[in-house]
file protein-v2.pdb (PDB, C-alpha atoms)
ATOM      1  CA  MET A   1      40.166 -54.188 -92.766
ATOM      2  CA  LYS A   2      41.828 -52.061 -90.114
ATOM      3  CA  TYR A   3      39.194 -49.385 -90.724
ATOM      4  CA  ILE A   4      36.320 -51.802 -90.118
ATOM      5  CA  PHE A   5      37.957 -53.164 -86.941
ATOM      6  CA  GLY A   6      38.465 -49.664 -85.538
ATOM      7  CA  LEU A   7      34.856 -48.724 -86.254
ATOM      8  CA  LEU A   8      33.521 -51.833 -84.506
ATOM      9  CA  PHE A   9      35.761 -51.173 -81.508
ATOM     10  CA  THR A  10      34.507 -47.602 -81.226
ATOM     11  CA  ILE A  11      30.848 -48.718 -81.450
ATOM     12  CA  ASN A  12      31.347 -51.424 -78.781
ATOM     13  CA  LEU A  13      33.123 -48.958 -76.502
ATOM     14  CA  GLY A  14      30.276 -46.460 -76.821
ATOM     15  CA  LEU A  15      27.653 -49.149 -76.105
ATOM     16  CA  PHE A  16      29.604 -50.277 -73.062
ATOM     17  CA  ALA A  17      29.853 -46.730 -71.714
ATOM     18  CA  TYR A  18      26.139 -46.089 -72.322
ATOM     19  CA  PHE A  19      24.897 -49.181 -70.486
ATOM     20  CA  ASN A  20      27.354 -48.712 -67.601
ATOM     21  CA  SER A  21      27.078 -44.941 -67.196
ATOM     22  CA  GLU A  22      25.674 -45.227 -63.604
ATOM     23  CA  LYS A  23      28.790 -47.178 -62.609
ATOM     24  CA  LEU A  24      31.300 -45.063 -64.502
ATOM     25  CA  LEU A  25      29.913 -41.553 -63.717
ATOM     26  CA  PRO A  26      29.296 -40.208 -60.172
ATOM     27  CA  SER A  27      25.568 -39.965 -59.512
ATOM     28  CA  SER A  28      23.969 -36.924 -57.829
ATOM     29  CA  PRO A  29      22.838 -37.571 -54.220
ATOM     30  CA  LYS A  30      19.300 -38.820 -53.879
ATOM     31  CA  ILE A  31      16.983 -36.693 -51.718
ATOM     32  CA  LYS A  32      14.538 -38.697 -49.695
ATOM     33  CA  THR A  33      11.096 -37.178 -49.874
ATOM     34  CA  PRO A  34       9.433 -37.219 -46.435
ATOM     35  CA  GLU A  35       6.424 -39.422 -46.241
ATOM     36  CA  ILE A  36       3.087 -37.718 -45.599
ATOM     37  CA  ALA A  37       0.891 -39.178 -42.858
ATOM     38  CA  PRO A  38      -2.675 -38.007 -43.553
ATOM     39  CA  GLU A  39      -3.869 -38.951 -40.055
ATOM     40  CA  LYS A  40      -1.391 -36.421 -38.538
ATOM     41  CA  ILE A  41      -2.601 -33.445 -40.582
ATOM     42  CA  VAL A  42      -4.404 -30.870 -38.372
ATOM     43  CA  VAL A  43      -6.443 -28.004 -39.787
ATOM     44  CA  LEU A  44      -5.934 -24.915 -37.587
ATOM     45  CA  SER A  45      -8.758 -22.504 -36.845
ATOM     46  CA  GLU A  46      -8.202 -18.761 -37.284
ATOM     47  CA  GLN A  47      -7.834 -18.322 -33.532
ATOM     48  CA  ALA A  48      -5.347 -21.194 -33.200
ATOM     49  CA  LEU A  49      -3.321 -19.830 -36.115
ATOM     50  CA  ALA A  50      -3.304 -16.370 -34.528
ATOM     51  CA  ASN A  51      -2.134 -17.838 -31.216
ATOM     52  CA  GLN A  52       0.744 -19.648 -32.922
ATOM     53  CA  ILE A  53       1.822 -16.486 -34.728
ATOM     54  CA  THR A  54       1.678 -14.518 -31.452
ATOM     55  CA  ALA A  55       3.675 -17.186 -29.607
ATOM     56  CA  THR A  56       6.461 -17.239 -32.211
ATOM     57  CA  ALA A  57       6.505 -13.519 -32.909
ATOM     58  CA  LYS A  58       9.469 -11.515 -31.635
ATOM     59  CA  PRO A  59       8.521  -9.378 -28.621
ATOM     60  CA  ALA A  60       8.245  -5.717 -29.455
ATOM     61  CA  GLU A  61      10.572  -3.281 -27.759
ATOM     62  CA  ILE A  62       9.053  -1.629 -24.661
ATOM     63  CA  ASN A  63       8.440   2.066 -24.998
ATOM     64  CA  PRO A  64       9.263   3.713 -21.638
ATOM     65  CA  VAL A  65       6.581   6.369 -22.136
ATOM     66  CA  GLU A  66       3.897   3.777 -22.872
ATOM     67  CA  LEU A  67       5.070   1.670 -19.938
ATOM     68  CA  GLN A  68       4.777   4.646 -17.581
ATOM     69  CA  ALA A  69       1.304   5.413 -18.890
ATOM     70  CA  SER A  70       0.198   1.816 -18.393
ATOM     71  CA  LEU A  71       1.281   1.939 -14.776
ATOM     72  CA  ALA A  72      -1.384   4.462 -13.854
ATOM     73  CA  SER A  73      -1.073   6.131 -10.487
ATOM     74  CA  THR A  74      -3.560   5.423  -7.752
ATOM     75  CA  CYS A  75      -4.935   8.476  -6.010
ATOM     76  CA  TYR A  76      -6.834   8.962  -2.785
ATOM     77  CA  GLU A  77      -9.004  11.814  -1.629
ATOM     78  CA  TRP A  78      -8.937  12.796   2.022
ATOM     79  CA  GLY A  79     -11.501  15.221   3.334
ATOM     80  CA  VAL A  80     -13.451  17.271   3.732
ATOM     81  CA  PHE A  81     -11.688  19.983   5.667
ATOM     82  CA  ALA A  82     -12.886  23.420   6.588
ATOM     83  CA  ASP A  83     -10.759  26.459   5.892
ATOM     84  CA  THR A  84      -9.772  26.452   9.562
ATOM     85  CA  ASN A  85      -7.955  23.102   9.501
ATOM     86  CA  ILE A  86      -6.863  22.429   5.905
ATOM     87  CA  ALA A  87      -3.341  23.659   6.723
ATOM     88  CA  ASN A  88      -3.121  21.255   9.681
ATOM     89  CA  ALA A  89      -4.149  18.372   7.431
ATOM     90  CA  GLN A  90      -1.479  19.258   4.856
ATOM     91  CA  SER A  91       1.115  19.472   7.611
ATOM     92  CA  ALA A  92       0.126  16.006   8.847
ATOM     93  CA  LEU A  93       0.599  14.584   5.335
ATOM     94  CA  ALA A  94       3.960  16.312   4.957
ATOM     95  CA  LYS A  95       5.194  14.460   8.049
ATOM     96  CA  LEU A  96       4.361  11.236   6.189
ATOM     97  CA  ALA A  97       6.410  12.408   3.169
ATOM     98  CA  LEU A  98       3.226  12.877   1.128
ATOM     99  CA  GLN A  99       2.399  15.767  -1.146
ATOM    100  CA  SER A 100      -1.205  16.746  -1.739
ATOM    101  CA  THR A 101      -3.288  18.949  -3.988
ATOM    102  CA  ILE A 102      -6.175  20.987  -2.631
ATOM    103  CA  LYS A 103      -9.514  20.232  -4.233
ATOM    104  CA  GLU A 104     -12.283  22.691  -3.438
ATOM    105  CA  GLN A 105     -15.691  21.360  -2.430
ATOM    106  CA  THR A 106     -19.094  22.981  -2.621
ATOM    107  CA  SER A 107     -21.151  23.342   0.552
ATOM    108  CA  GLN A 108     -23.388  20.507  -0.694
ATOM    109  CA  GLN A 109     -20.442  18.177  -1.309
ATOM    110  CA  ALA A 110     -19.039  19.054   2.103
ATOM    111  CA  LYS A 111     -22.150  18.008   4.014
ATOM    112  CA  ARG A 112     -21.339  15.444   6.673
ATOM    113  CA  PHE A 113     -23.723  13.943   9.211
ATOM    114  CA  TRP A 114     -21.981  12.980  12.423
ATOM    115  CA  VAL A 115     -23.060  10.323  14.910
ATOM    116  CA  TYR A 116     -21.284  10.911  18.210
ATOM    117  CA  ARG A 117     -21.416  11.235  21.964
ATOM    118  CA  SER A 118     -20.657  14.643  23.486
ATOM    119  CA  PRO A 119     -17.203  15.323  24.955
ATOM    120  CA  ALA A 120     -16.413  13.942  28.395
ATOM    121  CA  LYS A 121     -14.792  16.130  31.023
ATOM    122  CA  SER A 122     -11.572  14.151  31.166
ATOM    123  CA  ALA A 123      -9.586  11.426  29.451
ATOM    124  CA  ALA A 124     -10.345   9.031  32.321
ATOM    125  CA  GLU A 125     -14.074   9.648  32.009
ATOM    126  CA  VAL A 126     -14.141   9.092  28.262
ATOM    127  CA  GLN A 127     -12.062   5.901  28.582
ATOM    128  CA  ALA A 128     -14.524   4.538  31.124
ATOM    129  CA  LYS A 129     -17.366   5.312  28.729
ATOM    130  CA  VAL A 130     -15.524   3.584  25.868
ATOM    131  CA  ASN A 131     -15.117   0.442  27.950
ATOM    132  CA  GLU A 132     -18.815   0.567  28.842
ATOM    133  CA  ILE A 133     -19.823   0.843  25.197
ATOM    134  CA  LYS A 134     -17.493  -1.990  24.160
ATOM    135  CA  ALA A 135     -19.188  -4.196  26.724
ATOM    136  CA  LEU A 136     -22.425  -3.611  24.781
ATOM    137  CA  GLY A 137     -20.807  -5.086  21.660
ATOM    138  CA  VAL A 138     -19.883  -1.827  19.926
ATOM    139  CA  HIS A 139     -16.232  -1.554  18.836
ATOM    140  CA  ASP A 140     -16.273   0.767  15.822
ATOM    141  CA  MET A 141     -15.583   4.142  17.445
ATOM    142  CA  PHE A 142     -12.739   6.447  18.397
ATOM    143  CA  VAL A 143     -12.044   9.242  20.860
ATOM    144  CA  VAL A 144     -11.799  12.643  19.188
ATOM    145  CA  GLN A 145      -8.645  14.677  19.857
ATOM    146  CA  GLU A 146      -9.604  17.726  17.809
ATOM    147  CA  PRO A 147      -9.452  20.745  20.164
ATOM    148  CA  ASN A 148     -13.083  21.859  19.792
ATOM    149  CA  TRP A 149     -14.395  18.298  20.322
ATOM    150  CA  LYS A 150     -11.704  16.743  22.500
ATOM    151  CA  ASN A 151     -12.867  13.574  24.335
ATOM    152  CA  ALA A 152     -16.023  13.188  22.262
ATOM    153  CA  ILE A 153     -16.726   9.650  21.029
ATOM    154  CA  SER A 154     -17.249   9.406  17.284
ATOM    155  CA  PHE A 155     -19.189   6.470  15.826
ATOM    156  CA  GLY A 156     -19.220   7.558  12.191
ATOM    157  CA  ILE A 157     -19.558  10.414   9.719
ATOM    158  CA  PHE A 158     -21.665  10.078   6.568
ATOM    159  CA  SER A 159     -22.475  12.109   3.488
ATOM    160  CA  ASP A 160     -25.871  10.374   3.403
ATOM    161  CA  GLU A 161     -28.094  11.399   6.320
ATOM    162  CA  LYS A 162     -30.084   8.153   6.143
ATOM    163  CA  LEU A 163     -26.971   6.145   6.971
ATOM    164  CA  ALA A 164     -26.327   8.350   9.988
ATOM    165  CA  ILE A 165     -29.919   7.896  11.202
ATOM    166  CA  ASN A 166     -29.677   4.120  10.821
ATOM    167  CA  LEU A 167     -26.444   3.992  12.825
ATOM    168  CA  GLN A 168     -27.937   6.131  15.575
ATOM    169  CA  LYS A 169     -30.910   3.756  15.873
ATOM    170  CA  GLU A 170     -28.660   0.692  15.920
ATOM    171  CA  LEU A 171     -26.542   2.131  18.737
ATOM    172  CA  GLN A 172     -29.593   3.084  20.759
ATOM    173  CA  ALA A 173     -31.043  -0.413  20.268
ATOM    174  CA  LYS A 174     -27.835  -1.884  21.732
ATOM    175  CA  GLY A 175     -28.165   0.302  24.822
ATOM    176  CA  VAL A 176     -25.732   3.120  23.987
ATOM    177  CA  ARG A 177     -27.141   6.270  25.570
ATOM    178  CA  ASN A 178     -26.814   9.941  24.644
ATOM    179  CA  VAL A 179     -26.020   9.225  20.992
ATOM    180  CA  GLU A 180     -26.444  12.367  18.911
ATOM    181  CA  LYS A 181     -26.625  13.092  15.195
ATOM    182  CA  SER A 182     -25.877  16.498  13.763
ATOM    183  CA  LEU A 183     -24.693  18.226  10.606
ATOM    184  CA  ARG A 184     -20.954  18.662  10.883
ATOM    185  CA  SER A 185     -20.008  22.241   9.983
ATOM    186  CA  GLN A 186     -16.691  23.890  10.717
ATOM    187  CA  GLY A 187     -16.395  26.915   8.453
ATOM    188  CA  LYS A 188     -17.485  28.650   5.281
ATOM    189  CA  HIS A 189     -15.081  27.111   2.777
ATOM    190  CA  TYR A 190     -14.400  23.413   2.338
ATOM    191  CA  SER A 191     -11.678  21.446   0.605
ATOM    192  CA  SER A 192     -10.327  17.942   0.301
ATOM    193  CA  LEU A 193      -6.772  16.802  -0.344
ATOM    194  CA  LEU A 194      -5.859  14.700  -3.380
ATOM    195  CA  ILE A 195      -2.955  12.361  -2.626
ATOM    196  CA  ASN A 196      -1.033  10.765  -5.489
ATOM    197  CA  ASN A 197       0.099   7.136  -5.261
ATOM    198  CA  PRO A 198       0.419   6.646  -1.482
ATOM    199  CA  SER A 199       1.869   3.372  -0.225
ATOM    200  CA  GLU A 200      -0.049   0.938   1.970
ATOM    201  CA  PRO A 201       1.921   1.924   5.104
ATOM    202  CA  GLN A 202       1.225   5.607   4.389
ATOM    203  CA  LEU A 203      -2.504   4.918   4.004
ATOM    204  CA  ALA A 204      -2.461   3.122   7.342
ATOM    205  CA  GLU A 205      -0.831   6.153   8.962
ATOM    206  CA  ILE A 206      -3.456   8.502   7.485
ATOM    207  CA  LYS A 207      -6.214   6.362   8.986
ATOM    208  CA  LYS A 208      -4.551   6.741  12.376
ATOM    209  CA  LEU A 209      -5.111  10.512  12.104
ATOM    210  CA  LYS A 210      -8.878  10.027  12.426
ATOM    211  CA  PRO A 211      -9.041  11.295  16.044
ATOM    212  CA  ASP A 212      -7.424  14.573  14.960
ATOM    213  CA  PHE A 213      -9.596  14.953  11.858
ATOM    214  CA  PRO A 214     -12.899  13.215  12.695
ATOM    215  CA  ALA A 215     -14.799  14.697   9.746
ATOM    216  CA  ALA A 216     -12.272  13.498   7.168
ATOM    217  CA  GLU A 217     -12.853  10.382   5.075
ATOM    218  CA  LEU A 218     -10.205   8.584   3.055
ATOM    219  CA  LYS A 219     -11.329   7.062  -0.245
ATOM    220  CA  GLU A 220      -9.869   6.078  -3.607
ATOM    221  CA  ALA A 221     -10.448   8.730  -6.265
ATOM    222  CA  SER A 222      -9.618   9.756  -9.811
ATOM    223  CA  CYS A 223      -6.198  11.367 -10.230
ATOM    224  CA  SER A 224      -7.602  14.084 -12.516
TER
END
call {"tool": "encode", "arguments": {"input": "protein-v2.pdb", "output": "structure tokens"}}
result
Amino acid sequence: MKYIFGLLFTINLGLFAYFNSEKLLPSSPKIKTPEIAPEKIVVLSEQALANQITATAKPAEINPVELQASLASTCYEWGVFADTNIANAQSALAKLALQSTIKEQTSQQAKRFWVYRSPAKSAAEVQAKVNEIKALGVHDMFVVQEPNWKNAISFGIFSDEKLAINLQKELQAKGVRNVEKSLRSQGKHYSSLLINNPSEPQLAEIKKLKPDFPAAELKEASCS
């Protein structure tokens, strides 16, 4: 009898534990699955995907050598100069804390056609003539200070003769008298000066040297 009672007790205890296991045993935490909203799904194009990857990518380290190469120098060419005044031009640049490299020019490259008015006898005479020309509506000119052409009035120097001819005709049409055009030649050998990375103030100072070097033009050029 005791045996049967013990067996029934054991069976009832097992059934009780089975049907109440969730209450008796600790349950593992439930993980809430996020709901999917189909209307919020966006299909990215290849370009949009690439842009997102680029935006989230870690910036690459900057290579100093590559950075220096990317910041390419800007060079200017100033010339042409005859063999008789190239040293004076270099000296003028040195006073502006600029170094230059001599670049030889052929006689064809060195051709310059000058539109000018012959030198006056004095500074007072040339200034009076300048004022007279300005009254005619002409302002683009300067008084030459170069020794051989001191007090001449320069209106422009061109590598293309047609441009020089056109300027001469325009000046004459405005009433400017005694305007001449000639091939500017100062020696047998010609050179220009290559200037590396000049600043804006330095470029402005070079332009102010025009009266001393009337045949010289300043233009941006390749650094090679």
call {"tool": "closest_residue", "arguments": {"input": "protein-v2.pdb", "among": "A:Ile86, A:Lys103, A:Lys95, A:Ile206", "to": "Cys223 in chain A", "atoms": "only C-alpha atoms"}}
result
A:Lys103
call {"tool": "residues_around", "arguments": {"input": "protein-v2.pdb", "residues": "Val126 in chain A", "least_positions_apart": "4", "cutoff": "10 Å", "atoms": "only C-alpha atoms", "output": "JSON, numbers by chain"}}
result
{"A": [117, 118, 119, 120, 121, 122, 130, 131, 132, 143, 150, 151, 152, 153]}
call {"tool": "write_last_selection", "arguments": {"input": "protein-v2.pdb", "atoms": "C-alpha atoms", "output": "compact mmCIF listing (two decimals), keeping the file's coordinate frame"}}
result
# COMPACT_ATOMS: atom_id res chain seq x y z
CA ARG A 117 -21.42 11.24 21.96
CA SER A 118 -20.66 14.64 23.49
CA PRO A 119 -17.20 15.32 24.96
CA ALA A 120 -16.41 13.94 28.40
CA LYS A 121 -14.79 16.13 31.02
CA SER A 122 -11.57 14.15 31.17
CA VAL A 130 -15.52 3.58 25.87
CA ASN A 131 -15.12 0.44 27.95
CA GLU A 132 -18.82 0.57 28.84
CA VAL A 143 -12.04 9.24 20.86
CA LYS A 150 -11.70 16.74 22.50
CA ASN A 151 -12.87 13.57 24.34
CA ALA A 152 -16.02 13.19 22.26
CA ILE A 153 -16.73 9.65 21.03
call {"tool": "atom_distance", "arguments": {"input": "protein-v2.pdb", "atom1": "CA of Ser100 in chain A", "atom2": "CA of Pro211 in chain A"}}
result
20.2 Å
call {"tool": "residues_around", "arguments": {"input": "protein-v2.pdb", "residues": "Phe113 in chain A", "least_positions_apart": "4", "cutoff": "8 Å", "atoms": "all atoms listed in the file", "output": "number ranges by chain"}}
result
A: 157-161, 164, 181-184
call {"tool": "resolve_selection", "arguments": {"input": "protein-v2.pdb", "expression": "the PyMOL selection byres ((chain A and resi 192) around 9)", "output": "PyMOL selection string"}}
result
chain A and resi 77-82+86+101-105+110+190-191+193-194+216
call {"tool": "write_last_selection", "arguments": {"input": "protein-v2.pdb", "atoms": "C-alpha atoms", "output": "PDB file, in the coordinates of the input"}}
result
ATOM      1  CA  GLU A  77      -9.004  11.814  -1.629  1.00  0.00           C
ATOM      2  CA  TRP A  78      -8.937  12.796   2.022  1.00  0.00           C
ATOM      3  CA  GLY A  79     -11.501  15.221   3.334  1.00  0.00           C
ATOM      4  CA  VAL A  80     -13.451  17.271   3.732  1.00  0.00           C
ATOM      5  CA  PHE A  81     -11.688  19.983   5.667  1.00  0.00           C
ATOM      6  CA  ALA A  82     -12.886  23.420   6.588  1.00  0.00           C
ATOM      7  CA  ILE A  86      -6.863  22.429   5.905  1.00  0.00           C
ATOM      8  CA  THR A 101      -3.288  18.949  -3.988  1.00  0.00           C
ATOM      9  CA  ILE A 102      -6.175  20.987  -2.631  1.00  0.00           C
ATOM     10  CA  LYS A 103      -9.514  20.232  -4.233  1.00  0.00           C
ATOM     11  CA  GLU A 104     -12.283  22.691  -3.438  1.00  0.00           C
ATOM     12  CA  GLN A 105     -15.691  21.360  -2.430  1.00  0.00           C
ATOM     13  CA  ALA A 110     -19.039  19.054   2.103  1.00  0.00           C
ATOM     14  CA  TYR A 190     -14.400  23.413   2.338  1.00  0.00           C
ATOM     15  CA  SER A 191     -11.678  21.446   0.605  1.00  0.00           C
ATOM     16  CA  LEU A 193      -6.772  16.802  -0.344  1.00  0.00           C
ATOM     17  CA  LEU A 194      -5.859  14.700  -3.380  1.00  0.00           C
ATOM     18  CA  ALA A 216     -12.272  13.498   7.168  1.00  0.00           C
TER      19      ALA A 216
END
call {"tool": "atom_distance", "arguments": {"input": "protein-v2.pdb", "atom1": "CA of Gly137 in chain A", "atom2": "CA of Tyr116 in chain A"}}
result
16.4 Å
